[in-house]
$ cat work.tsv   # TSV, C-alpha atoms
chain	number	residue	atom	x	y	z
G	1162	MET	CA	0.00	0.00	0.00
G	1163	PRO	CA	1.47	3.40	-0.95
G	1164	GLY	CA	1.93	6.06	1.70
G	1165	MET	CA	-0.18	9.20	1.85
G	1166	VAL	CA	1.05	12.59	0.62
G	1167	ASP	CA	0.24	15.74	2.62
G	1168	THR	CA	0.53	18.56	0.09
G	1169	HIS	CA	0.20	21.39	2.63
G	1170	ILE	CA	1.24	21.15	6.27
G	1171	HIS	CA	2.39	23.85	8.70
G	1172	ALA	CA	4.73	21.86	10.94
G	1173	SER	CA	5.05	24.79	13.36
G	1174	GLN	CA	1.32	24.78	14.11
G	1175	TYR	CA	1.27	21.26	15.52
G	1176	SER	CA	1.66	22.50	19.10
G	1177	TYR	CA	-1.91	23.91	19.07
G	1178	ALA	CA	-3.58	21.61	16.55
G	1179	GLY	CA	-7.33	21.31	16.97
G	1180	THR	CA	-7.61	24.48	19.05
G	1181	ALA	CA	-7.84	28.24	18.47
G	1182	LEU	CA	-10.66	28.00	15.94
G	1183	ASP	CA	-12.70	30.93	17.23
G	1184	MET	CA	-11.95	33.57	14.58
G	1185	PRO	CA	-11.51	33.95	10.80
G	1186	LEU	CA	-8.21	33.58	8.99
G	1187	LEU	CA	-6.55	37.01	9.18
G	1188	GLN	CA	-7.42	37.62	12.83
G	1189	TRP	CA	-6.46	34.02	13.62
G	1190	LEU	CA	-3.02	34.50	12.08
G	1191	ASN	CA	-2.39	37.66	14.08
G	1192	THR	CA	-3.72	36.31	17.38
G	1193	TYR	CA	-2.41	32.76	17.42
G	1194	THR	CA	-0.19	31.76	14.54
G	1195	PHE	CA	2.41	34.51	14.26
G	1196	PRO	CA	3.09	34.67	18.03
G	1197	VAL	CA	3.62	30.89	18.17
G	1198	GLU	CA	5.77	30.80	15.04
G	1199	SER	CA	8.02	33.51	16.49
G	1200	ARG	CA	9.06	30.99	19.17
G	1201	PHE	CA	10.79	28.76	16.62
G	1202	LYS	CA	13.99	30.78	16.83
G	1203	ASP	CA	14.49	28.59	19.94
G	1204	LEU	CA	16.03	25.44	18.46
G	1205	GLN	CA	15.12	23.24	21.42
G	1206	PHE	CA	11.48	24.27	21.17
G	1207	ALA	CA	11.60	23.71	17.41
G	1208	HIS	CA	13.23	20.30	17.83
G	1209	ASN	CA	10.52	19.15	20.24
G	1210	VAL	CA	7.63	20.25	18.03
G	1211	TYR	CA	9.10	19.15	14.71
G	1212	THR	CA	10.01	15.72	16.07
G	1213	GLN	CA	6.42	15.23	17.19
G	1214	VAL	CA	5.10	16.34	13.80
G	1215	VAL	CA	7.25	13.99	11.76
G	1216	LYS	CA	6.64	11.02	14.07
G	1217	ARG	CA	2.88	11.65	14.12
G	1218	THR	CA	2.53	12.02	10.37
G	1219	LEU	CA	4.54	8.86	9.73
G	1220	ARG	CA	2.54	6.96	12.32
G	1221	ASN	CA	-0.62	7.92	10.45
G	1222	GLY	CA	0.75	6.78	7.10
G	1223	THR	CA	1.98	10.07	5.63
G	1224	THR	CA	5.27	9.18	3.98
G	1225	THR	CA	5.58	12.43	2.00
G	1226	ALA	CA	4.91	15.95	3.28
G	1227	CYS	CA	5.17	19.47	1.88
G	1228	TYR	CA	6.13	21.44	4.99
G	1229	PHE	CA	5.89	25.10	5.88
G	1230	ALA	CA	8.36	25.86	8.67
G	1231	THR	CA	8.84	29.48	9.90
G	1232	ILE	CA	11.00	32.47	8.95
G	1233	HIS	CA	13.87	31.05	11.03
G	1234	THR	CA	16.51	29.46	8.80
G	1235	ASP	CA	18.23	27.31	11.41
G	1236	SER	CA	15.07	25.71	12.76
G	1237	SER	CA	13.82	25.18	9.19
G	1238	LEU	CA	17.04	23.30	8.46
G	1239	LEU	CA	16.41	21.33	11.64
G	1240	LEU	CA	13.01	20.23	10.30
G	1241	GLY	CA	14.76	18.93	7.19
G	1242	ARG	CA	17.21	16.96	9.31
G	1243	ILE	CA	14.45	15.45	11.44
G	1244	ALA	CA	12.47	14.36	8.36
G	1245	HIS	CA	15.66	12.77	7.00
G	1246	ASP	CA	16.44	11.02	10.28
G	1247	PHE	CA	12.99	9.42	10.35
G	1248	GLY	CA	13.06	8.53	6.65
G	1249	GLN	CA	10.21	10.76	5.52
G	1250	ARG	CA	10.18	12.22	2.02
G	1251	ALA	CA	9.69	15.97	2.39
G	1252	LEU	CA	9.77	19.35	0.76
G	1253	VAL	CA	10.72	21.83	3.49
G	1254	GLY	CA	10.16	25.56	3.17
G	1255	LYS	CA	11.68	28.41	5.14
G	1256	VAL	CA	8.80	30.90	5.24
G	1257	CYS	CA	9.40	34.32	3.66
G	1258	MET	CA	7.50	37.42	4.76
G	1259	ASP	CA	8.53	41.07	4.85
G	1260	ARG	CA	5.11	42.45	5.83
G	1261	ASN	CA	3.58	41.92	9.27
G	1262	SER	CA	2.11	44.80	11.25
G	1263	SER	CA	0.51	42.66	13.96
G	1264	VAL	CA	3.60	40.92	15.39
G	1265	LYS	CA	6.33	43.34	14.43
G	1266	HIS	CA	9.25	41.14	15.46
G	1267	TYR	CA	7.98	38.27	13.30
G	1268	LYS	CA	9.03	39.42	9.85
G	1269	GLU	CA	12.15	40.06	7.79
G	1270	THR	CA	13.31	42.79	5.47
G	1271	SER	CA	13.18	41.88	1.80
G	1272	GLN	CA	16.96	41.59	1.72
G	1273	GLU	CA	17.08	39.42	4.84
G	1274	SER	CA	14.45	37.13	3.40
G	1275	GLU	CA	16.30	36.79	0.11
G	1276	ASN	CA	19.66	36.18	1.80
G	1277	GLU	CA	18.29	33.67	4.29
G	1278	THR	CA	16.40	31.84	1.56
G	1279	TYR	CA	19.65	31.43	-0.36
G	1280	ARG	CA	21.36	30.20	2.80
G	1281	PHE	CA	18.56	27.77	3.56
G	1282	ILE	CA	18.62	26.31	0.05
G	1283	LYS	CA	22.39	26.00	-0.04
G	1284	GLU	CA	22.74	24.42	3.39
G	1285	LEU	CA	19.86	21.98	2.93
G	1286	LEU	CA	21.10	20.85	-0.49
G	1287	ASN	CA	24.63	20.50	0.86
G	1288	GLN	CA	23.35	17.85	3.28
G	1289	LYS	CA	22.56	15.66	0.25
G	1290	TYR	CA	19.53	14.13	1.94
G	1291	PRO	CA	18.08	11.68	-0.60
G	1292	LEU	CA	14.44	12.34	0.32
G	1293	VAL	CA	14.41	15.94	1.62
G	1294	LYS	CA	14.56	19.01	-0.63
G	1295	PRO	CA	13.97	22.77	-0.21
G	1296	VAL	CA	10.86	24.51	-1.49
G	1297	VAL	CA	10.65	28.29	-2.03
G	1298	THR	CA	7.96	29.54	0.35
G	1299	PRO	CA	6.45	33.03	0.24
G	1300	ARG	CA	3.86	32.79	3.01
G	1301	PHE	CA	1.13	34.47	0.99
G	1302	ALA	CA	0.76	37.69	-0.96
G	1303	PRO	CA	-0.53	39.84	1.96
G	1304	SER	CA	2.67	39.21	3.94
G	1305	CYS	CA	5.06	39.74	1.03
G	1306	SER	CA	5.99	42.85	-0.91
G	1307	GLU	CA	5.95	42.69	-4.69
G	1308	ALA	CA	9.74	43.04	-4.64
G	1309	LEU	CA	10.12	39.99	-2.40
G	1310	LEU	CA	7.72	37.90	-4.49
G	1311	THR	CA	9.73	38.76	-7.60
G	1312	GLN	CA	13.00	37.84	-5.87
G	1313	LEU	CA	11.59	34.50	-4.77
G	1314	GLY	CA	10.28	33.74	-8.24
G	1315	ALA	CA	13.77	34.32	-9.63
G	1316	ILE	CA	15.39	32.15	-6.95
G	1317	ALA	CA	13.03	29.27	-7.73
G	1318	LYS	CA	13.58	29.58	-11.47
G	1319	ASN	CA	17.36	29.87	-11.28
G	1320	ASN	CA	17.64	26.86	-8.97
G	1321	ASN	CA	14.85	24.74	-10.50
G	1322	LEU	CA	13.02	24.51	-7.18
G	1323	HIS	CA	9.48	23.79	-6.09
G	1324	ILE	CA	7.30	26.65	-4.81
G	1325	GLN	CA	4.49	26.68	-2.25
G	1326	SER	CA	2.17	29.37	-0.93
G	1327	HIS	CA	-1.48	30.15	-0.16
G	1328	ILE	CA	-4.18	31.62	-2.36
G	1329	SER	CA	-7.82	32.72	-1.99
G	1330	GLU	CA	-8.45	31.02	1.34
G	1331	ASN	CA	-11.14	33.43	2.50
G	1332	THR	CA	-12.96	36.46	1.11
G	1333	GLU	CA	-11.40	38.99	3.51
G	1334	GLU	CA	-7.95	37.85	2.37
G	1335	VAL	CA	-8.91	38.20	-1.31
G	1336	LYS	CA	-10.15	41.74	-0.66
G	1337	LEU	CA	-6.89	42.61	1.12
G	1338	VAL	CA	-4.85	41.38	-1.83
G	1339	LYS	CA	-6.82	43.66	-4.17
G	1340	GLU	CA	-5.97	46.61	-1.91
G	1341	LEU	CA	-2.28	45.72	-1.62
G	1342	PHE	CA	-1.77	44.90	-5.31
G	1343	PRO	CA	-4.09	47.27	-7.20
G	1344	ASP	CA	-2.25	46.79	-10.50
G	1345	SER	CA	-2.88	43.04	-10.55
G	1346	GLU	CA	-5.95	41.63	-12.22
G	1347	SER	CA	-6.50	38.95	-9.57
G	1348	TYR	CA	-4.88	37.14	-6.64
G	1349	THR	CA	-3.53	34.59	-9.11
G	1350	ASP	CA	-2.13	37.37	-11.29
G	1351	VAL	CA	-0.07	38.66	-8.33
G	1352	TYR	CA	1.85	35.39	-8.26
G	1353	HIS	CA	1.94	35.04	-12.03
G	1354	LYS	CA	3.63	38.44	-12.45
G	1355	SER	CA	6.40	37.27	-10.11
G	1356	ASN	CA	6.93	33.97	-11.98
G	1357	LEU	CA	5.67	31.96	-9.04
G	1358	LEU	CA	3.16	29.86	-11.00
G	1359	THR	CA	4.98	26.87	-12.47
G	1360	GLU	CA	4.66	23.12	-12.93
G	1361	LYS	CA	6.52	22.81	-9.61
G	1362	THR	CA	4.15	25.10	-7.66
G	1363	VAL	CA	1.56	24.05	-5.08
G	1364	MET	CA	-0.94	26.67	-3.90
G	1365	ALA	CA	-3.04	25.90	-0.84
G	1366	HIS	CA	-6.81	26.40	-0.44
G	1367	GLY	CA	-8.09	28.28	-3.52
G	1368	CYS	CA	-11.67	28.37	-2.20
G	1369	HIS	CA	-12.54	31.58	-4.04
G	1370	LEU	CA	-10.67	31.25	-7.33
G	1371	SER	CA	-12.53	32.37	-10.44
G	1372	ASP	CA	-12.77	30.25	-13.58
G	1373	LYS	CA	-10.37	32.66	-15.26
G	1374	GLU	CA	-7.84	32.08	-12.50
G	1375	LEU	CA	-8.23	28.31	-12.83
G	1376	VAL	CA	-7.45	28.62	-16.53
G	1377	LEU	CA	-4.17	30.32	-15.58
G	1378	PHE	CA	-3.47	27.51	-13.13
G	1379	ARG	CA	-3.92	24.97	-15.91
G	1380	GLU	CA	-1.84	26.92	-18.42
G	1381	THR	CA	1.08	27.28	-16.01
G	1382	GLY	CA	0.81	23.73	-14.63
G	1383	THR	CA	0.26	25.03	-11.08
G	1384	SER	CA	-1.33	22.60	-8.60
G	1385	LEU	CA	-3.84	23.17	-5.80
G	1386	SER	CA	-3.73	21.71	-2.30
G	1387	HIS	CA	-7.28	21.16	-1.07
G	1388	CYS	CA	-7.53	21.52	2.73
G	1389	PRO	CA	-11.18	20.74	3.51
G	1390	ASN	CA	-10.91	20.27	7.27
G	1391	SER	CA	-9.07	23.56	7.70
G	1392	ASN	CA	-11.44	25.41	5.38
G	1393	PHE	CA	-14.45	24.24	7.38
G	1394	SER	CA	-12.84	24.80	10.78
G	1395	LEU	CA	-12.00	28.45	10.10
G	1396	CYS	CA	-15.17	28.96	8.01
G	1397	SER	CA	-12.96	30.07	5.14
G	1398	GLY	CA	-15.03	28.68	2.29
G	1399	VAL	CA	-15.56	25.57	0.20
G	1400	LEU	CA	-13.40	24.57	-2.74
G	1401	ASN	CA	-15.45	23.35	-5.70
G	1402	VAL	CA	-13.23	20.37	-6.41
G	1403	ARG	CA	-15.34	19.21	-9.36
G	1404	ASN	CA	-14.87	22.59	-11.03
G	1405	VAL	CA	-11.11	22.43	-10.38
G	1406	LEU	CA	-10.91	19.00	-11.99
G	1407	ASN	CA	-13.11	20.11	-14.89
G	1408	HIS	CA	-10.52	22.81	-15.56
G	1409	LYS	CA	-7.88	20.06	-15.61
G	1410	VAL	CA	-6.00	21.59	-12.67
G	1411	LYS	CA	-3.98	19.14	-10.58
G	1412	CYS	CA	-5.33	18.84	-7.03
G	1413	GLY	CA	-4.05	17.08	-3.90
G	1414	LEU	CA	-5.04	16.97	-0.24
G	1415	GLY	CA	-3.48	18.88	2.65
G	1416	THR	CA	-4.09	18.87	6.40
G	1417	ASP	CA	-2.89	22.45	7.04
G	1418	VAL	CA	-2.58	21.12	10.66
G	1419	VAL	CA	-4.41	23.41	13.08
G	1420	GLY	CA	-7.73	23.32	11.28

$ encode --input "work.tsv" --output "C-alpha cells"
Amino acid sequence: MPGMVDTHIHASQYSYAGTALDMPLLQWLNTYTFPVESRFKDLQFAHNVYTQVVKRTLRNGTTTACYFATIHTDSSLLLGRIAHDFGQRALVGKVCMDRNSSVKHYKETSQESENETYRFIKELLNQKYPLVKPVVTPRFAPSCSEALLTQLGAIAKNNNLHIQSHISENTEEVKLVKELFPDSESYTDVYHKSNLLTEKTVMAHGCHLSDKELVLFRETGTSLSHCPNSNFSLCSGVLNVRNVLNHKVKCGLGTDVVG
C-alpha cells in the first residue's frame, strides 16, 4: 500500500492543533499563529515540536509531506534533518514574509528574506539528503511585498526549485490582496507576475478562485492543495473540487494542521 502525501502542512502549528478555531483567517493569524511561530527561533522548542510532527505524520501513514516551517533558517534546516532522520520524504520551506504589522518582530526585510532563503537552500542541499529538498515559500501575498515575491520567483527559477504558498483562502484575504496589489488583475495574477506559478508550484486552499484564475493555473501547470478540514474549521469557504478538476488543474489533499 502506498503512503499518503500531505501537500500542505504547517509543521510549526502542531503545538496547538485542533484548538484556536474561534476567529476567521486574518485575525487568527495575528492572534495565534504569528506569536507561536516567532518561538521557533528557539532550536530546542523547534526540535521538540518538529520531532512530534514527523513522528505523528509517519505513524498515520503520511510518507511524503510538503512542509511550511517558519522564517527562522536554522530551525527550518532542523526540520529537514528530522524528516531525513525518520526517513520521511519531504519538501521543506523556510517561510518568507517582509510584511507583518501585527507581530512586528515576526518578519524580515526583503533583503534578509532573500539572503536567508539562499542560505537555507544551499545548506539543505549540501546535506545531500536523498528524500528531503527545499521549497521556495512566500507565506502568501498579503505578507510579502511585490519586490520579495519577484526575488523568490527568480530564486526558484534559477535553482529549479518547487514553490508553495497560499491563495484565496477566504474572502477577507482576497479583498486585502486587491488593496495591496491594485495593478494586478487577480490574486492569481499577483503570483503570475512574479513567476511563481509553475509546474513545480503548489498553492493551498483556492476556495474563491474564479474560472479565469483556474485557466491560468492549468496553463502554467500550477497545482492546488485542497484543505477541507481547515477550510471548514476556520469557516474560510468551500473549494469546488469538481470545477477544479473540470478545468484540468492538478489537485491534492493537505491537512494544514491546526484546522

$ closest_atom_pairs --input "work.tsv" --of "range 1205-1266 of chain G" --to "range 1173-1183 of chain G" --cutoff "8 Å" --atoms "all atoms listed in the file" --output "JSON lines"
{"residue": "G:Ala1207", "atom": "CA", "partner": "G:Ser1173", "partner_atom": "CA", "distance": 7.8}
{"residue": "G:Val1210", "atom": "CA", "partner": "G:Ser1176", "partner_atom": "CA", "distance": 6.5}
{"residue": "G:Tyr1211", "atom": "CA", "partner": "G:Ser1173", "partner_atom": "CA", "distance": 7.1}
{"residue": "G:Val1214", "atom": "CA", "partner": "G:Tyr1175", "partner_atom": "CA", "distance": 6.5}
{"residue": "G:Phe1229", "atom": "CA", "partner": "G:Ser1173", "partner_atom": "CA", "distance": 7.5}
{"residue": "G:Ala1230", "atom": "CA", "partner": "G:Ser1173", "partner_atom": "CA", "distance": 5.8}
{"residue": "G:Thr1231", "atom": "CA", "partner": "G:Ser1173", "partner_atom": "CA", "distance": 7.0}

$ residues_around --input "work.tsv" --residues "Val1363 in chain G" --least-positions-apart "5" --cutoff "9 Å" --atoms "only C-alpha atoms" --output "VMD selection string"
chain G and resid 1168 to 1169 1323 to 1327 1358 1383 to 1386 1412

$ atom_distance --input "work.tsv" --atom1 "CA of Lys1255 in chain G" --atom2 "CA of Val1296 in chain G"
7.7 Å

$ closest_residue --input "work.tsv" --among "G:Gly1367, G:Gly1415, G:Pro1295, G:Gly1241" --to "Thr1223 in chain G" --atoms "all atoms listed in the file"
G:Gly1415

$ closest_atom_pairs --input "work.tsv" --of "range 1358-1413 of chain G" --to "range 1305-1317 of chain G" --cutoff "12 Å" --atoms "all atoms listed in the file" --output "tab-separated table"
residue	atom	partner	partner_atom	distance
G:Leu1358	CA	G:Gly1314	CA	8.6
G:Thr1359	CA	G:Ala1317	CA	9.6
G:Glu1360	CA	G:Ala1317	CA	11.6
G:Lys1361	CA	G:Ala1317	CA	9.4
G:Thr1362	CA	G:Ala1317	CA	9.8

$ closest_residue --input "work.tsv" --among "G:Thr1332, G:Lys1268, G:Asp1235, G:Asn1407" --to "Leu1285 in chain G" --atoms "all atoms listed in the file"
G:Asp1235

$ residues_near_point --input "work.tsv" --point "(-0.9, 33.9, 17.6)" --cutoff "12 Å" --atoms "all atoms listed in the file" --output "list in words"
Ser1173, Gln1174, Ser1176, Tyr1177, Thr1180, Ala1181, Leu1182, Met1184, Leu1186, Leu1187, Gln1188, Trp1189, Leu1190, Asn1191, Thr1192, Tyr1193, Thr1194, Phe1195, Pro1196, Val1197, Glu1198, Ser1199, Arg1200, Ser1263, Val1264, Tyr1267 and Val1419 of chain G

$ closest_residue --input "work.tsv" --among "G:Leu1292, G:Leu1370, G:Leu1219, G:Leu1204" --to "Ser1237 in chain G" --atoms "only C-alpha atoms"
G:Leu1204

$ closest_residue --input "work.tsv" --among "G:Asn1221, G:Gln1205, G:Ser1329, G:Ser1397" --to "Tyr1352 in chain G" --atoms "only C-alpha atoms"
G:Ser1329

$ residues_near_point --input "work.tsv" --point "(5.4, 32.2, 2.9)" --cutoff "6 Å" --atoms "all atoms listed in the file" --output "list in words"
Val1256, Cys1257, Met1258, Thr1298, Pro1299, Arg1300, Phe1301 and Ser1326 of chain G

$ write_last_selection --input "work.tsv" --atoms "C-alpha atoms" --output "PDB file, in the frame of the given file"
ATOM      1  CA  VAL G1256       8.800  30.900   5.240  1.00  0.00           C
ATOM      2  CA  CYS G1257       9.400  34.320   3.660  1.00  0.00           C
ATOM      3  CA  MET G1258       7.500  37.420   4.760  1.00  0.00           C
ATOM      4  CA  THR G1298       7.960  29.540   0.350  1.00  0.00           C
ATOM      5  CA  PRO G1299       6.450  33.030   0.240  1.00  0.00           C
ATOM      6  CA  ARG G1300       3.860  32.790   3.010  1.00  0.00           C
ATOM      7  CA  PHE G1301       1.130  34.470   0.990  1.00  0.00           C
ATOM      8  CA  SER G1326       2.170  29.370  -0.930  1.00  0.00           C
TER       9      SER G1326
END

$ residues_around --input "work.tsv" --residues "Asp1372 in chain G" --least-positions-apart "3" --cutoff "12 Å" --atoms "only C-alpha atoms" --output "PyMOL selection string"
chain G and resi 1347+1349+1367-1369+1375-1379+1401+1404-1410

$ write_last_selection --input "work.tsv" --atoms "C-alpha atoms" --output "short mmCIF file (atom, residue, chain, number, x, y, z; two decimals), in the coordinates of the input"
data_model
loop_
_atom_site.label_atom_id
_atom_site.label_comp_id
_atom_site.auth_asym_id
_atom_site.auth_seq_id
_atom_site.Cartn_x
_atom_site.Cartn_y
_atom_site.Cartn_z
CA SER G 1347 -6.50 38.95 -9.57
CA THR G 1349 -3.53 34.59 -9.11
CA GLY G 1367 -8.09 28.28 -3.52
CA CYS G 1368 -11.67 28.37 -2.20
CA HIS G 1369 -12.54 31.58 -4.04
CA LEU G 1375 -8.23 28.31 -12.83
CA VAL G 1376 -7.45 28.62 -16.53
CA LEU G 1377 -4.17 30.32 -15.58
CA PHE G 1378 -3.47 27.51 -13.13
CA ARG G 1379 -3.92 24.97 -15.91
CA ASN G 1401 -15.45 23.35 -5.70
CA ASN G 1404 -14.87 22.59 -11.03
CA VAL G 1405 -11.11 22.43 -10.38
CA LEU G 1406 -10.91 19.00 -11.99
CA ASN G 1407 -13.11 20.11 -14.89
CA HIS G 1408 -10.52 22.81 -15.56
CA LYS G 1409 -7.88 20.06 -15.61
CA VAL G 1410 -6.00 21.59 -12.67
#

$ atom_distance --input "work.tsv" --atom1 "CA of His1245 in chain G" --atom2 "CA of Arg1220 in chain G"
15.3 Å

$ atom_distance --input "work.tsv" --atom1 "CA of Glu1284 in chain G" --atom2 "CA of Lys1265 in chain G"
27.4 Å
